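So the structure is just underneath, and the comments pick up after that.
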Amino acid sequence: MRDIFSIIGRRYPFCTVVFCGVSVQGSSAPGEMISALNEFGRKRCADVIIIGRGGGSAEDLWCFNDELLARAVAECPVPVISGIGHETDFTICDFVSDLRAPTPSAAAELATPDGDAMRMYAAALTDRLFGLMKTKLASERQRLESIMARRDFSDAAGFFADEHALLNDLKTRLETISEKALHTRRIGFTGLAARLDSLNPLSVLMRGFAAVSVNGVIADRASALTAGEIAHIRFADGTVKAEIIGKVSENE
């Protein structure tokens, strides 16, 4: 047991060891080992099980030839390494286990990875990773420099020359269309203003006419006026009052 703990601690100190003390000699040994195997298999509290003991006579190791124990080892859901006796000792448990080790110390070595080898492997992977990263960065940097050297980036004005020409053409066309539309609207507005001016009563008065009204009502004919009424006569430059004396004939 001390050899197993010592080797595990040296090779892989990160490992957690779950120890189950059972008899490994005598008539009660098979039953105790079967119970321990069933417990480990039921709880799945280990990645691998080492079943073993130090050297002894054939009678001392005979419990490892028990049929029920052999079946328990073969049926255990957790991998089992047998490390029983010395290298020359063989039991039935050696043949039904997942892996046989010649000694308990060898079983401890087979059950654990070499921590130093793992550290060296991790260091090698780290170096390889950094090497791949440097290679990838250099490749991408070269690719970026190649892209930046293209005319698209070195001569941005030339790259967008066609777009600039198109925009200038669209600008000129828009200005022409806008000016034409404004000119058409201006002519229309000028015609409307002339028509409105021709309909303006003041324009008529400016040509020597006058507007006659009585009590705010425009008199558009002589028959609308009565003698004695006060009429307002509006000229272009003002309004005067006049009393209607009477009608006159066309000859007067």
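By order in the structure tokens, chains are A, B, ...; within a chain, residues start at 1; ligands start at 1, following the order shown.
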**Prompt:** Neighbours of A:Phe90 within 9 Å (only C-alpha atoms; same-chain residues fewer than 5 positions away dropped), as a list in words?
**Reply:**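 Here the answer would be Leu61, Ile84, Gly85, Phe95 and Pro102 of chain A.
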Write out the residues from the selection above, keeping all heavy atoms, as an mmCIF file, in the first residue's frame.
```cif
data_model
loop_
_atom_site.group_PDB
_atom_site.id
_atom_site.type_symbol
_atom_site.label_atom_id
_atom_site.label_comp_id
_atom_site.auth_asym_id
_atom_site.auth_seq_id
_atom_site.Cartn_x
_atom_site.Cartn_y
_atom_site.Cartn_z
ATOM 1 N N LEU A 61 -2.238 -16.310 -1.653
ATOM 2 C CA LEU A 61 -2.876 -15.642 -2.796
ATOM 3 C C LEU A 61 -4.088 -16.399 -3.317
ATOM 4 O O LEU A 61 -4.712 -15.961 -4.293
ATOM 5 C CB LEU A 61 -1.855 -15.478 -3.940
ATOM 6 C CG LEU A 61 -0.556 -14.724 -3.601
ATOM 7 C CD1 LEU A 61 0.343 -14.680 -4.833
ATOM 8 C CD2 LEU A 61 -0.840 -13.316 -3.103
ATOM 9 N N ILE A 84 -1.108 -8.274 -8.145
ATOM 10 C CA ILE A 84 -1.156 -9.272 -7.078
ATOM 11 C C ILE A 84 0.168 -10.019 -7.041
ATOM 12 O O ILE A 84 0.597 -10.626 -8.038
ATOM 13 C CB ILE A 84 -2.316 -10.264 -7.316
ATOM 14 C CG1 ILE A 84 -3.652 -9.506 -7.390
ATOM 15 C CG2 ILE A 84 -2.366 -11.309 -6.222
ATOM 16 C CD1 ILE A 84 -4.796 -10.348 -7.925
ATOM 17 N N GLY A 85 0.817 -9.946 -5.891
ATOM 18 C CA GLY A 85 2.051 -10.700 -5.674
ATOM 19 C C GLY A 85 3.200 -10.177 -6.493
ATOM 20 O O GLY A 85 3.309 -8.986 -6.803
ATOM 21 N N PHE A 95 -6.475 -12.719 -14.991
ATOM 22 C CA PHE A 95 -6.972 -13.020 -16.329
ATOM 23 C C PHE A 95 -8.330 -12.362 -16.627
ATOM 24 O O PHE A 95 -8.696 -12.224 -17.801
ATOM 25 C CB PHE A 95 -7.072 -14.537 -16.514
ATOM 26 C CG PHE A 95 -5.751 -15.236 -16.438
ATOM 27 C CD1 PHE A 95 -5.370 -15.912 -15.284
ATOM 28 C CD2 PHE A 95 -4.864 -15.189 -17.502
ATOM 29 C CE1 PHE A 95 -4.151 -16.555 -15.211
ATOM 30 C CE2 PHE A 95 -3.636 -15.834 -17.431
ATOM 31 C CZ PHE A 95 -3.275 -16.516 -16.281
ATOM 32 N N PRO A 102 2.541 -6.678 -13.087
ATOM 33 C CA PRO A 102 3.335 -7.723 -12.423
ATOM 34 C C PRO A 102 3.461 -7.534 -10.923
ATOM 35 O O PRO A 102 3.640 -8.516 -10.192
ATOM 36 C CB PRO A 102 4.693 -7.617 -13.116
ATOM 37 C CG PRO A 102 4.753 -6.248 -13.687
ATOM 38 C CD PRO A 102 3.352 -5.898 -14.044
#
```
**Request:** Please give the complete set of residues from stretch 16-241 of chain A that DSSP, run on the backbone, assigns to strand (DSSP E or B), formatted as a list in words.
**Result:**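 Here is the list: Ile49, Ile50, Ile51, Gly52, Arg53, Val80, Ile81, Ser82, Gly83, Ile84, Leu99, Arg100, Ala101, Ala211, Val212, Ser213, Val214, Val217, Ile218, Ile230, Ala231, His232, Ile233, Arg234, Phe235, Gly238, Thr239, Val240 and Lys241 of chain A.
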**Asked** Which one of A:Lys241, A:Leu166, A:Phe189, A:Val48 sits closest to A:Phe19 if you count only C-alpha atoms?
**Response** A:Val48
Determine, counting only C-alpha atoms, which protein, DNA and RNA residues have an atom within 7 Å of an atom of stretch 63-73 of chain A; residues of the same chain fewer than 5 positions away are not included. Present the result as a compact mmCIF listing (two decimals) with C-alpha atoms, in the first residue's frame.
```txt
# COMPACT_ATOMS: atom_id res chain seq x y z
CA GLN A 25 -5.84 -13.29 2.64
CA GLY A 26 -8.03 -15.87 4.28
CA ALA A 29 -11.11 -11.93 1.81
CA PRO A 30 -13.20 -12.77 -1.32
CA ILE A 34 -16.50 -8.32 -3.73
CA LEU A 37 -15.82 -3.73 -5.91
CA VAL A 80 -9.76 -2.88 -12.83
CA THR A 91 -4.25 -15.77 -10.21
CA ILE A 92 -7.62 -15.97 -11.92
CA CYS A 93 -8.20 -12.26 -11.12
CA VAL A 96 -10.40 -11.39 -15.83
CA SER A 97 -9.19 -7.89 -14.97
```
**Item:** A:Lys136, A:His164, A:Arg185, A:Arg53 ranked by distance to A:Ala107, top pick (using only C-alpha atoms)
**Value:**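 For A:Ala107, the nearest of the given residues is A:Arg53.
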**Request:** Grab the atom CA of A:Arg11 to atom CA of A:Ile50 distance for me, in Å with one decimal place.
**Result:**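 Straight-line distance from atom CA of A:Arg11 to atom CA of A:Ile50 works out to 15.9 Å.
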**Request:** as a count of residues only, please: all residues of stretch 2-239 of chain A that backbone DSSP puts in helix (DSSP H, G or I).
**Result:** 141
**Message:** At a cut-off of 7 Å, using only C-alpha atoms, what residues contact A:Glu32? Leave out same-chain residues fewer than 3 positions from it and give the result as a PyMOL selection string.
**Reply:** chain A and resi 22-23+28-29+35-36
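Coordinates place atom CA of A:Gly9 at a distance of 24.6 Å from atom CA of A:Leu125.
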**Asked** atom CA of A:Asp3 to atom CA of A:Glu39: how many Å, to one decimal?
**Response**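 Between these atoms lies a distance of 24.1 Å.
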**Message:** as number ranges by chain, please: the residues near A:Phe5 (cut-off 10 Å, only C-alpha atoms, same-chain neighbours under 5 positions excluded).
**Reply:** A: 10, 13, 17, 19, 105, 108
**Message:** Please list as a PyMOL selection string every residue within 10 Å of A:Ala106, counting only C-alpha atoms and excluding residues in the same chain fewer than 2 positions away.
**Reply:** chain A and resi 3-4+7+81-83+87+100-104+108-111
**Message:** Give me, as a list of chain:residue names, all polymer residues having an atom no more than 6 Å from stretch 211-221 of chain A, counting only C-alpha atoms and skipping those fewer than 3 positions away in the same chain.
**Reply:**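 Once the adjacent positions are removed, what remains is A:Ala224, A:Ala231, A:His232, A:Ile233, A:Arg234.
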**Message:** Using only C-alpha atoms for the distances, tell me which of A:Ala117, A:Ala124, A:Ala58, A:Leu192 is nearest to A:Tyr12.
**Reply:**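 Of A:Ala117, A:Ala124, A:Ala58, A:Leu192, the one nearest A:Tyr12, counting only C-alpha atoms, is A:Ala117.
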